[in-house]
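Coordinates from start_19.txt are shown below (compact mmCIF, C-alpha atoms and all ligand atoms).
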```
# COMPACT_ATOMS: atom_id res chain seq x y z
CA MET A 1 5.68 -20.36 -1.24
CA THR A 2 4.11 -17.02 -2.09
CA ARG A 3 4.37 -15.22 -5.37
CA VAL A 4 5.08 -11.56 -4.82
CA THR A 5 4.47 -9.02 -7.58
CA ARG A 6 5.86 -5.51 -7.75
CA THR A 7 5.44 -2.82 -10.36
CA VAL A 8 8.43 -0.64 -11.10
CA ILE A 9 8.05 2.58 -13.08
CA VAL A 10 10.88 3.78 -15.29
CA ARG A 11 11.05 6.70 -17.70
CA SER A 12 12.44 6.60 -21.17
CA ILE A 13 15.02 9.14 -22.24
CA LYS A 14 13.57 12.18 -24.02
CA LEU A 15 12.56 10.84 -27.43
CA PRO A 16 13.19 12.51 -30.78
CA ARG A 17 10.06 14.23 -32.11
CA LYS A 18 9.75 11.75 -34.98
CA VAL A 19 9.83 8.74 -32.69
CA PHE A 20 7.51 10.22 -30.14
CA LYS A 21 5.01 11.01 -32.88
CA ILE A 22 4.74 7.31 -33.68
CA PHE A 23 3.72 6.65 -30.09
CA VAL A 24 1.20 9.46 -30.18
CA GLU A 25 -0.37 7.83 -33.25
CA LEU A 26 -0.24 4.41 -31.63
CA GLU A 27 -1.90 5.75 -28.49
CA GLY A 28 -4.62 7.37 -30.60
CA MET A 29 -5.49 4.11 -32.36
CA TYR A 30 -5.29 2.13 -29.13
CA ARG A 31 -7.57 4.64 -27.42
CA ASN A 32 -10.11 4.41 -30.23
CA MET A 33 -10.17 0.66 -29.95
CA VAL A 34 -10.57 0.72 -26.17
CA GLU A 35 -13.35 3.31 -26.40
CA GLN A 36 -15.32 1.29 -28.93
CA LEU A 37 -14.76 -1.95 -27.08
CA VAL A 38 -15.78 -0.51 -23.71
CA MET A 39 -18.99 0.90 -25.20
CA TYR A 40 -19.80 -2.42 -26.76
CA ALA A 41 -18.95 -4.41 -23.63
CA VAL A 42 -20.99 -2.19 -21.33
CA ARG A 43 -23.95 -2.08 -23.69
CA ASN A 44 -24.00 -5.87 -23.89
CA GLY A 45 -23.04 -6.57 -20.30
CA ILE A 46 -19.83 -8.35 -21.25
CA LYS A 47 -17.25 -8.68 -18.50
CA SER A 48 -15.06 -11.43 -19.85
CA PHE A 49 -12.03 -10.80 -21.98
CA THR A 50 -12.39 -14.01 -24.00
CA ARG A 51 -15.98 -13.23 -24.84
CA LEU A 52 -15.22 -9.70 -25.91
CA LYS A 53 -12.33 -10.90 -28.02
CA ALA A 54 -14.40 -13.63 -29.64
CA LEU A 55 -17.09 -11.14 -30.58
CA LYS A 56 -15.02 -8.17 -31.67
CA TYR A 57 -11.57 -9.33 -32.74
CA ARG A 58 -12.26 -9.63 -36.42
CA GLU A 59 -13.96 -6.28 -36.70
CA MET A 60 -11.25 -4.44 -34.79
CA ARG A 61 -8.50 -6.19 -36.67
CA GLY A 62 -10.12 -5.05 -39.92
CA LEU A 63 -10.20 -1.46 -38.75
CA TYR A 64 -6.56 -1.36 -37.67
CA LEU A 65 -4.72 -3.56 -40.12
CA GLN A 66 -1.60 -1.42 -39.87
CA LEU A 67 -1.21 -2.32 -36.17
CA PRO A 68 0.44 -5.52 -34.92
CA SER A 69 -2.51 -7.81 -34.25
CA HIS A 70 -1.82 -8.29 -30.56
CA TYR A 71 -2.81 -4.70 -29.86
CA VAL A 72 -6.36 -5.86 -30.46
CA TYR A 73 -5.87 -8.51 -27.78
CA THR A 74 -4.52 -6.11 -25.20
CA ALA A 75 -7.16 -3.49 -26.05
CA CYS A 76 -9.78 -6.19 -25.40
CA GLN A 77 -8.16 -6.97 -22.05
CA ASP A 78 -7.96 -3.32 -21.14
CA ALA A 79 -11.58 -2.70 -22.22
CA SER A 80 -13.00 -5.75 -20.44
CA THR A 81 -11.30 -4.69 -17.20
CA ARG A 82 -12.78 -1.21 -17.51
CA ALA A 83 -16.21 -2.57 -18.43
CA LYS A 84 -16.17 -5.02 -15.56
CA SER A 85 -15.44 -2.42 -12.90
CA PHE A 86 -17.93 0.01 -14.45
CA LEU A 87 -20.69 -2.60 -14.50
CA ARG A 88 -19.95 -3.43 -10.89
CA LEU A 89 -20.21 0.21 -9.81
CA LYS A 90 -23.35 0.58 -11.90
CA ARG A 91 -24.93 -2.37 -10.15
CA LEU A 92 -24.10 -0.83 -6.80
CA GLY A 93 -25.69 2.40 -7.97
CA LEU A 94 -22.46 4.35 -7.67
CA VAL A 95 -22.35 5.78 -11.20
CA GLU A 96 -24.91 7.82 -13.04
CA LYS A 97 -23.41 7.82 -16.52
CA GLU A 98 -24.45 5.34 -19.20
CA TYR A 99 -20.90 4.56 -20.28
CA PRO A 100 -17.52 4.91 -18.62
CA GLU A 101 -15.27 7.66 -19.80
CA VAL A 102 -11.96 6.52 -21.21
CA ARG A 103 -9.87 9.37 -19.96
CA ARG A 104 -6.45 8.24 -18.92
CA ILE A 105 -4.91 5.65 -21.09
CA SER A 106 -1.87 3.46 -20.90
CA ILE A 107 -1.05 1.09 -23.69
CA TRP A 108 -1.07 -2.53 -22.55
CA LEU A 109 1.68 -4.66 -24.01
CA ASP A 110 1.85 -8.45 -24.05
CA ASP A 111 4.83 -10.66 -24.88
CA HIS A 112 4.31 -10.21 -28.63
CA LEU A 113 4.35 -6.45 -28.43
CA TRP A 114 7.48 -5.74 -26.44
CA LYS A 115 10.76 -7.35 -25.45
CA PRO A 116 13.41 -6.46 -22.92
CA ASN A 117 16.58 -5.39 -24.67
CA GLY A 118 19.45 -5.74 -22.25
CA TYR A 119 18.96 -4.06 -18.89
CA THR A 120 18.41 -0.47 -19.90
CA SER A 121 16.20 -0.58 -22.94
CA ILE A 122 13.14 -2.31 -24.33
CA ARG A 123 11.81 -2.85 -27.83
CA ILE A 124 8.21 -2.11 -28.72
CA THR A 125 6.49 -3.06 -31.96
CA THR A 126 4.31 -0.42 -33.62
CA HIS A 127 2.60 0.33 -36.92
CA ARG A 128 6.05 1.56 -38.01
CA GLY A 129 7.95 -1.56 -36.97
CA TRP A 130 10.06 -2.30 -33.91
CA ILE A 131 11.41 0.68 -31.97
CA THR A 132 14.12 0.54 -29.33
CA ILE A 133 13.48 2.69 -26.29
CA GLU A 134 16.27 3.50 -23.87
CA PHE A 135 15.16 4.14 -20.34
CA GLU A 136 16.69 5.63 -17.23
CA PRO A 137 17.20 2.87 -14.66
CA HIS A 138 17.12 3.90 -11.01
CA LYS A 139 18.18 2.43 -7.68
CA GLN A 140 14.88 0.69 -7.06
CA TYR A 141 14.95 -0.90 -10.52
CA TRP A 142 18.45 -2.29 -10.02
CA ARG A 143 17.45 -3.64 -6.65
CA TYR A 144 14.83 -5.87 -8.26
CA VAL A 145 17.13 -6.89 -11.09
CA ASN A 146 19.99 -7.78 -8.77
CA ARG A 147 17.93 -9.62 -6.19
CA GLY A 148 16.66 -12.32 -8.46
CA TRP A 149 13.27 -10.88 -9.37
CA ARG A 150 11.92 -11.98 -12.72
CA LEU A 151 10.49 -9.58 -15.28
CA VAL A 152 6.92 -10.47 -16.29
CA ASN A 153 6.18 -10.37 -20.00
CA GLU A 154 3.34 -7.89 -19.61
CA ALA A 155 4.03 -4.18 -19.45
CA LYS A 156 2.23 -0.87 -19.81
CA VAL A 157 3.32 2.34 -21.41
CA LYS A 158 2.01 5.82 -20.81
CA LEU A 159 2.90 8.96 -22.76
CA ASP A 160 4.31 12.02 -21.09
CA LYS A 161 3.57 14.53 -23.82
CA ARG A 162 5.10 17.49 -22.08
CA ASN A 163 8.52 15.88 -21.76
CA ARG A 164 8.35 13.61 -24.79
CA GLN A 165 9.02 10.58 -22.64
CA LEU A 166 7.43 7.18 -22.26
CA ILE A 167 6.54 6.11 -18.74
CA ILE A 168 7.09 2.38 -18.64
CA TYR A 169 5.42 0.12 -16.08
CA LEU A 170 7.43 -3.03 -15.60
CA THR A 171 6.27 -5.88 -13.41
CA PHE A 172 8.61 -8.10 -11.44
CA VAL A 173 7.74 -11.33 -9.66
CA LYS A 174 9.53 -13.51 -7.17
CA ASP A 175 8.56 -16.70 -5.40
CA ILE A 176 9.43 -16.34 -1.78
CA GLU A 177 9.45 -18.98 0.90
CA GLU A 178 8.53 -18.08 4.45
CA TYR A 179 11.19 -18.98 6.97
CA LYS A 180 10.60 -20.84 10.22
CA PRO A 181 10.59 -18.19 12.93
CA ARG A 182 13.12 -18.30 15.77
CA GLY A 183 11.13 -15.89 17.89
CA HIS A 184 8.33 -13.35 17.90
CA LEU A 185 8.04 -9.63 17.47
CA SER A 186 4.62 -8.27 18.38
CA ILE A 187 2.99 -5.16 17.01
CA ASP A 188 0.17 -3.12 18.44
CA VAL A 189 -1.25 -0.55 16.05
CA ASN A 190 -3.10 2.47 17.41
CA GLU A 191 -4.54 5.68 16.01
CA ASP A 192 -1.42 7.62 16.84
CA ASN A 193 1.38 5.15 17.23
CA VAL A 194 2.73 1.74 16.37
CA THR A 195 4.20 -0.14 19.31
CA MET A 196 6.67 -2.96 18.85
CA LEU A 197 7.91 -5.49 21.37
CA ILE A 198 11.15 -7.23 20.56
CA ASP A 199 13.46 -9.11 22.93
CA SER A 200 11.72 -7.68 26.00
CA THR A 201 12.05 -4.08 24.87
CA VAL A 202 9.08 -2.04 23.74
CA TYR A 203 9.43 0.75 21.21
CA LEU A 204 6.68 3.19 20.52
CA PHE A 205 6.76 4.81 17.09
CA GLU A 206 4.66 7.91 16.98
CA THR A 207 2.66 8.14 13.73
CA ASN A 208 0.05 10.84 14.42
CA MET A 209 -2.22 9.18 11.88
CA GLU A 210 -5.41 10.30 13.54
CA LYS A 211 -4.24 13.89 13.74
CA LEU A 212 -3.15 13.72 10.13
CA VAL A 213 -6.50 12.42 8.91
CA LEU A 214 -8.47 14.83 11.05
CA GLY A 215 -6.27 17.73 10.03
CA TYR A 216 -6.81 17.05 6.36
CA TYR A 217 -10.50 16.51 6.90
CA TYR A 218 -10.98 19.93 8.44
CA ARG A 219 -8.74 21.64 5.91
CA ARG A 220 -10.71 19.99 3.12
CA LYS A 221 -13.99 21.12 4.60
CA LYS A 222 -12.75 24.67 4.96
CA ILE A 223 -11.58 24.79 1.37
CA GLN A 224 -14.85 23.33 0.13
CA LYS A 225 -16.90 25.87 2.02
CA LYS A 226 -14.82 28.79 0.81
CA TYR A 227 -14.76 27.82 -2.86
CA ASP A 228 -18.37 26.68 -3.00
CA LYS A 229 -19.34 30.13 -1.83
CA LEU A 230 -17.11 31.88 -4.34
CA TYR A 231 -17.42 29.73 -7.45
CA GLY A 232 -20.31 27.30 -6.92
CA LYS A 233 -20.20 23.61 -6.05
CA LYS A 234 -18.49 22.25 -9.12
CA SER A 235 -15.65 24.66 -9.72
CA ARG A 236 -12.40 23.51 -11.26
CA ILE A 237 -10.34 25.77 -9.09
CA LYS A 238 -11.68 24.02 -5.99
CA LYS A 239 -10.71 20.66 -7.44
CA LYS A 240 -7.25 21.96 -8.14
CA VAL A 241 -6.74 23.33 -4.65
CA LEU A 242 -8.04 20.11 -3.11
CA SER A 243 -5.76 17.97 -5.21
CA LYS A 244 -2.81 19.93 -3.89
CA LEU A 245 -3.44 18.52 -0.43
CA LYS A 246 -1.08 15.61 -0.42
CA GLU A 247 -3.04 13.60 2.08
CA ARG A 248 -2.76 10.25 0.39
CA MET A 249 0.93 10.59 -0.25
CA LYS A 250 1.67 11.51 3.33
CA LYS A 251 -0.29 8.57 4.68
CA GLN A 252 1.37 6.18 2.28
CA ASP A 253 4.77 7.46 3.22
CA ILE A 254 4.21 6.83 6.92
CA LYS A 255 2.75 3.39 6.32
CA TRP A 256 5.55 2.10 4.16
CA LYS A 257 8.29 3.50 6.31
CA ILE A 258 6.99 1.99 9.51
CA ALA A 259 6.31 -1.32 7.77
CA ASN A 260 9.84 -1.31 6.47
CA ILE A 261 11.38 -0.81 9.89
CA ILE A 262 9.25 -3.54 11.47
CA VAL A 263 9.71 -6.14 8.76
CA LYS A 264 13.43 -5.56 8.44
CA THR A 265 13.87 -5.87 12.20
CA ALA A 266 11.98 -9.17 12.17
CA TYR A 267 13.88 -10.39 9.14
CA GLU A 268 17.30 -9.69 10.62
CA LYS A 269 16.39 -11.64 13.74
CA GLY A 270 14.56 -14.39 11.93
CA TYR A 271 11.39 -13.65 13.89
CA ALA A 272 7.70 -13.81 13.03
CA VAL A 273 5.55 -10.68 13.27
CA VAL A 274 2.54 -10.95 15.57
CA LEU A 275 -0.48 -8.83 14.65
CA GLU A 276 -3.99 -8.45 15.94
CA LYS A 277 -6.72 -9.97 13.88
CA LEU A 278 -8.77 -6.93 12.90
CA GLY A 279 -12.51 -7.29 12.61
CA LYS A 280 -15.24 -4.88 11.62
CA ARG A 281 -16.33 -4.39 15.19
CA VAL A 282 -12.82 -3.45 16.18
CA ALA A 283 -13.07 -0.53 13.82
CA ASN A 284 -16.01 0.84 15.70
CA ASN A 285 -14.53 0.26 19.11
CA MET A 286 -11.21 1.84 18.43
CA VAL A 287 -12.40 5.14 17.09
CA LYS A 288 -15.88 5.20 18.53
CA ARG A 289 -15.59 8.73 19.88
CA ILE A 290 -15.65 9.96 16.29
CA ARG A 291 -19.25 10.28 15.22
CA ASP A 292 -18.86 10.92 11.52
CA LYS A 293 -19.07 7.47 9.96
CA GLN A 294 -16.93 8.27 6.95
CA LEU A 295 -14.28 9.91 9.04
CA ARG A 296 -14.18 6.96 11.39
CA HIS A 297 -13.72 4.68 8.43
CA ARG A 298 -10.90 6.83 7.11
CA ILE A 299 -9.02 6.87 10.37
CA PHE A 300 -9.44 3.13 10.68
CA GLN A 301 -8.17 2.58 7.14
CA ALA A 302 -5.26 4.95 7.54
CA SER A 303 -4.06 3.83 10.91
CA PHE A 304 -5.12 0.26 11.57
CA ARG A 305 -5.92 -1.53 8.38
CA GLY A 306 -3.52 0.48 6.25
CA ILE A 307 -0.49 -0.07 8.43
CA GLN A 308 -1.27 -3.77 8.84
CA LYS A 309 -1.62 -4.15 5.08
CA ALA A 310 1.70 -2.46 4.50
CA ILE A 311 3.35 -4.77 7.04
CA GLU A 312 1.77 -7.80 5.35
CA GLU A 313 2.98 -6.72 1.93
CA LYS A 314 6.52 -6.04 3.11
CA ALA A 315 6.59 -9.30 5.06
CA LYS A 316 5.73 -11.29 1.93
CA GLU A 317 8.67 -9.75 0.16
CA TYR A 318 11.09 -10.84 2.87
CA GLY A 319 9.48 -14.19 3.66
CA VAL A 320 8.66 -13.03 7.18
CA PRO A 321 5.83 -15.11 8.68
CA ILE A 322 2.89 -13.31 10.24
CA ILE A 323 0.87 -14.69 13.13
CA TYR A 324 -2.58 -13.29 13.82
CA VAL A 325 -3.99 -13.42 17.29
CA ASN A 326 -7.34 -12.63 18.80
CA PRO A 327 -7.25 -9.04 20.07
CA LYS A 328 -9.71 -9.71 22.87
CA ASN A 329 -8.63 -8.10 26.15
CA THR A 330 -5.11 -7.46 24.93
CA SER A 331 -4.83 -4.12 26.64
CA LYS A 332 -7.06 -4.91 29.60
CA LEU A 333 -5.32 -7.74 31.42
CA CYS A 334 -1.99 -7.59 33.21
CA PRO A 335 0.49 -9.77 31.31
CA ILE A 336 2.04 -10.91 34.59
CA HIS A 337 -0.93 -11.49 36.88
CA ASN A 338 -3.70 -12.03 34.36
CA VAL A 339 -6.04 -9.66 36.20
CA PRO A 340 -7.60 -6.38 34.98
CA ILE A 341 -5.51 -3.25 34.81
CA THR A 342 -7.27 -0.10 35.97
CA TYR A 343 -6.88 2.90 33.73
CA SER A 344 -8.14 6.12 35.26
CA ASN A 345 -10.37 8.03 32.83
CA GLY A 346 -8.84 8.07 29.40
CA SER A 347 -5.27 7.68 30.58
CA ARG A 348 -2.93 5.36 28.75
CA ILE A 349 -1.17 4.58 32.02
CA GLY A 350 -2.80 2.05 34.33
CA ARG A 351 -2.22 0.09 37.49
CA CYS A 352 -2.44 -3.66 37.94
CA SER A 353 -5.23 -4.60 40.35
CA LYS A 354 -3.13 -7.34 41.92
CA GLY A 355 0.54 -6.39 41.85
CA SER A 356 -0.04 -2.61 41.74
CA GLU A 357 2.68 -2.20 39.15
CA ILE A 358 2.28 0.55 36.56
CA TRP A 359 1.69 -0.22 32.92
CA HIS A 360 1.54 1.71 29.68
CA ARG A 361 -1.48 0.54 27.75
CA ASP A 362 0.35 -0.12 24.48
CA VAL A 363 3.06 -2.04 26.28
CA VAL A 364 0.43 -4.26 27.85
CA ALA A 365 -1.07 -4.93 24.45
CA CYS A 366 2.28 -5.90 22.95
CA TRP A 367 3.11 -8.33 25.75
CA ASN A 368 -0.29 -9.97 25.58
CA LEU A 369 -0.11 -10.33 21.80
CA PHE A 370 3.31 -11.83 22.24
CA PHE A 371 2.15 -14.40 24.79
CA LYS A 372 -0.89 -15.31 22.75
CA ALA A 373 1.31 -16.03 19.77
CA LEU A 374 3.81 -17.94 21.90
CA TRP A 375 1.15 -20.29 23.22
CA GLY A 376 -0.61 -20.49 19.95
CA ASN A 377 -4.12 -20.68 21.33
CA GLY A 378 -5.04 -17.04 21.42
CA SER A 379 -5.85 -17.07 25.11
CA ILE A 380 -3.94 -16.42 28.27
CA ALA A 381 -4.09 -19.60 30.32
CA SER A 382 -1.85 -19.13 33.29
CA SER A 383 0.15 -16.43 34.94
CA PRO A 384 3.24 -15.94 32.81
CA VAL A 385 5.79 -14.66 35.27
CA GLY A 386 8.80 -15.04 33.05
CA TYR A 387 8.70 -17.05 29.89
CA ASN A 388 11.04 -19.37 28.18
CA LEU A 389 12.55 -18.36 24.92
CA ASP A 390 15.76 -19.75 23.49
CA VAL A 391 16.12 -21.71 26.75
CA ARG A 392 16.88 -18.44 28.50
CA LEU A 393 14.42 -17.20 31.06
CA VAL A 394 13.44 -13.61 30.62
CA PRO A 395 11.66 -12.38 33.70
CA LEU A 396 9.06 -9.68 33.51
CA ALA A 397 10.28 -7.45 36.26
CA LEU A 398 7.64 -6.46 38.78
CA ASN A 399 9.13 -3.31 40.14
CA THR A 400 10.07 -1.36 37.04
CA THR A 401 7.55 0.85 35.29
CA HIS A 402 6.70 -0.75 32.01
CA ASP A 403 7.41 2.17 29.77
CA PRO A 404 8.07 2.00 26.08
CA ILE A 405 10.93 3.78 24.42
CA GLY A 406 9.17 6.57 22.57
CA ILE A 407 10.41 7.45 19.14
CA PRO A 408 8.99 10.65 17.61
CA LYS A 409 7.94 10.60 13.99
CA SER A 410 10.40 13.30 13.04
CA LEU A 411 13.14 10.86 13.95
CA TRP A 412 12.14 7.48 12.60
CA VAL A 413 10.84 8.62 9.22
CA ARG A 414 14.35 9.67 8.29
CA TRP A 415 15.92 6.35 9.21
CA LYS A 416 15.53 3.07 7.47
CA SER A 417 16.03 0.67 10.35
CA LEU A 418 15.46 0.41 14.06
CA GLU A 419 19.17 0.29 14.70
CA ALA A 420 19.84 3.50 12.82
CA THR A 421 16.98 5.19 14.63
CA LEU A 422 18.23 4.08 18.02
CA ASN A 423 21.77 5.14 17.25
CA ASN A 424 20.64 8.63 16.52
CA PRO A 425 22.10 10.91 19.18
CA ASN A 426 18.87 12.94 19.34
CA LEU A 427 17.07 10.00 20.87
CA GLN A 428 19.33 9.71 23.86
CA GLY A 429 17.56 10.73 27.02
CA MET A 430 14.21 11.13 25.34
CA THR A 431 11.09 10.07 27.21
CA LEU A 432 7.41 10.03 26.45
ZN ZN B 1 0.10 -7.26 37.36
```

Rewrite the coordinates I just gave you, this time as structure tokens.
Amino acid sequence: MTRVTRTVIVRSIKLPRKVFKIFVELEGMYRNMVEQLVMYAVRNGIKSFTRLKALKYREMRGLYLQLPSHYVYTACQDASTRAKSFLRLKRLGLVEKEYPEVRRISIWLDDHLWKPNGYTSIRITTHRGWITIEFEPHKQYWRYVNRGWRLVNEAKVKLDKRNRQLIIYLTFVKDIEEYKPRGHLSIDVNEDNVTMLIDSTVYLFETNMEKLVLGYYYRRKKIQKKYDKLYGKKSRIKKKVLSKLKERMKKQDIKWKIANIIVKTAYEKGYAVVLEKLGKRVANNMVKRIRDKQLRHRIFQASFRGIQKAIEEKAKEYGVPIIYVNPKNTSKLCPIHNVPITYSNGSRIGRCSKGSEIWHRDVVACWNLFFKALWGNGSIASSPVGYNLDVRLVPLALNTTHDPIGIPKSLWVRWKSLEATLNNPNLQGMTL
């Protein structure tokens, strides 16, 4: 059983000026408390919430008698979390300042400070008593409510001063049991694509992650150079232009969409997902032609680690089991003859040194991951000409070219499932 946690963000309706003002006051007091507590905690090297509370509760309570007392608790929690991460960064020499800046603030609420009120409103206690806040539920919110997720009694609230709205962070949890898999679906993640083997068919989803990361890297550099020259190194306008590059969002979008397709496909079939076990060395091997260390790290994070993490997260939600296998030689050995495949310089297409059949590198990897998972020992013991699954023998044909079905990004990102993607008329007759 795994406990899965998800945060859902909802917005309140536009609040009357009078009501919103109460929250502005509340936020002000809460901010003051957090600021003082963070200063104190950092100065005295306190990282624990209980310690901070024990030392400062009485004093804070005395200062803010008009507030419900639990705001002191949550401010202590908030402050100790901030102090802890600041002290950690300080120890690593990553910050120069003496104290952390409390810039963005969201008000932490525990079970004494707020209550759900039906499905579309909550009640929050303030220095002016309990206030009911209606919010605008959306599709995602209803999905959690209707699928048996439980609301956690901690929440956070942020103020949107421009629109006079509260942004409410609700947390849902669900205990999910992994099912016993009836088969395997193997995934090979690369810089530019994600390849999936299911029921003897290989699909290659183009992601262009490497190009995306590189593209943004060069654009970033160009902007930096231009603005540094014009306005100096620390200009605000440069920051603004840079923040407009939606790199993070784009990467996230790709990750979650591909993870969704994979996990849902596995879930519908009752299969387990087979992934490579990623090590540190793998990172270097996979993108070793890129010399810049930071850039290499970013490509690795975006394409390999990031996509795997997204698959893992999604899989938890659906109870899909994940099997990790040793990635050693997965794209080097022929899945049929267990001998090396020869790839001529840099090509992704190779020829088996025994049977002379043609292989696509990513297809090879998927088959080998699949067999490793099937035999459970992470090694290829004998020559697997045909394998037994569901009592039915599926032969690996010798004479066909082992080509994946290529699916361009422009296509799959718009569809939610493999089936919908494959049914798209634009895919018919498409090759790599
Ligand atoms: Zn072969």

Within 6 Å of ligand ZN 1 (chain B) (all atoms listed in the file), residues as an MDAnalysis selection string: chainID A and resid 334 336:337 352 354:355 357

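Nearest residue to Gly183 of chain A among A:Ile290, A:Leu65, A:Ile105, A:Val320 is A:Val320, counting only C-alpha atoms.
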
One-decimal distance in Å that lies between atom CA of Asp403 of chain A and atom CA of Val202 of chain A: 7.5 Å

Write out as JSON, numbers by chain the residues lying within 12 Å of Tyr64 of chain A, counting all atoms listed in the file and excluding same-chain residues fewer than 2 positions away. {"A": [25, 26, 28, 29, 30, 31, 32, 33, 57, 58, 59, 60, 61, 62, 66, 67, 68, 69, 70, 71, 72, 75, 126, 127]}

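The residue that comes closest to Leu89 of chain A, out of A:Val42, A:Glu177, A:Val102, A:Lys288 and on the basis of all atoms listed in the file, is A:Val42.
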
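Between atom CA of Thr50 of chain A and atom CA of Gly93 of chain A the interatomic distance comes to 26.5 Å.
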
May I have the protein, DNA and RNA residues with any atom at most 9 Å from the point (4.6, 4.1, -15.8), counting only C-alpha atoms, written as a CSV table (one decimal) with C-alpha atoms, in the coordinates of the input?
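Result went into selection36.csv, see below:
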```
chain,number,residue,atom,x,y,z
A,7,THR,CA,5.4,-2.8,-10.4
A,8,VAL,CA,8.4,-0.6,-11.1
A,9,ILE,CA,8.0,2.6,-13.1
A,10,VAL,CA,10.9,3.8,-15.3
A,11,ARG,CA,11.0,6.7,-17.7
A,106,SER,CA,-1.9,3.5,-20.9
A,156,LYS,CA,2.2,-0.9,-19.8
A,157,VAL,CA,3.3,2.3,-21.4
A,158,LYS,CA,2.0,5.8,-20.8
A,159,LEU,CA,2.9,9.0,-22.8
A,166,LEU,CA,7.4,7.2,-22.3
A,167,ILE,CA,6.5,6.1,-18.7
A,168,ILE,CA,7.1,2.4,-18.6
A,169,TYR,CA,5.4,0.1,-16.1
A,170,LEU,CA,7.4,-3.0,-15.6
```

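In terms of minimum interatomic distance to Lys269 of chain A, A:His184 ranks closest within A:His184, A:Arg296, A:Lys251, A:Lys226, counting all atoms listed in the file.
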
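The space separating atom CA of Ser85 of chain A from atom CA of His297 of chain A comes to 22.5 Å.
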
Just want the 10 Å neighbourhood of Val325 of chain A, counted on only C-alpha atoms, with same-chain residues fewer than 5 positions away dropped. Output as a PyMOL selection string. chain A and resi 274-278+330+368-373+376-379

Tell me which protein, DNA and RNA residues are within 12 Å of Glu313 of chain A, counting all atoms listed in the file, leaving out same-chain ones fewer than 3 positions away, and put them as an mmCIF file with C-alpha atoms, in the coordinates of the input.
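See around16.cif below for the written result:
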```
data_model
loop_
_atom_site.group_PDB
_atom_site.id
_atom_site.type_symbol
_atom_site.label_atom_id
_atom_site.label_comp_id
_atom_site.auth_asym_id
_atom_site.auth_seq_id
_atom_site.Cartn_x
_atom_site.Cartn_y
_atom_site.Cartn_z
ATOM 1 C CA THR A 2 4.110 -17.020 -2.090
ATOM 2 C CA ARG A 3 4.370 -15.220 -5.370
ATOM 3 C CA VAL A 4 5.080 -11.560 -4.820
ATOM 4 C CA THR A 5 4.470 -9.020 -7.580
ATOM 5 C CA ARG A 6 5.860 -5.510 -7.750
ATOM 6 C CA LYS A 255 2.750 3.390 6.320
ATOM 7 C CA TRP A 256 5.550 2.100 4.160
ATOM 8 C CA ALA A 259 6.310 -1.320 7.770
ATOM 9 C CA ASN A 260 9.840 -1.310 6.470
ATOM 10 C CA ILE A 262 9.250 -3.540 11.470
ATOM 11 C CA VAL A 263 9.710 -6.140 8.760
ATOM 12 C CA GLY A 306 -3.520 0.480 6.250
ATOM 13 C CA ILE A 307 -0.490 -0.070 8.430
ATOM 14 C CA GLN A 308 -1.270 -3.770 8.840
ATOM 15 C CA LYS A 309 -1.620 -4.150 5.080
ATOM 16 C CA ALA A 310 1.700 -2.460 4.500
ATOM 17 C CA LYS A 316 5.730 -11.290 1.930
ATOM 18 C CA GLU A 317 8.670 -9.750 0.160
ATOM 19 C CA TYR A 318 11.090 -10.840 2.870
ATOM 20 C CA GLY A 319 9.480 -14.190 3.660
ATOM 21 C CA VAL A 320 8.660 -13.030 7.180
ATOM 22 C CA PRO A 321 5.830 -15.110 8.680
ATOM 23 C CA ILE A 322 2.890 -13.310 10.240
#
```

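Residue nearest Arg43 of chain A, chosen from A:Leu55, A:Thr265, A:Leu87, A:Ile341 and counting all atoms listed in the file: A:Leu87.
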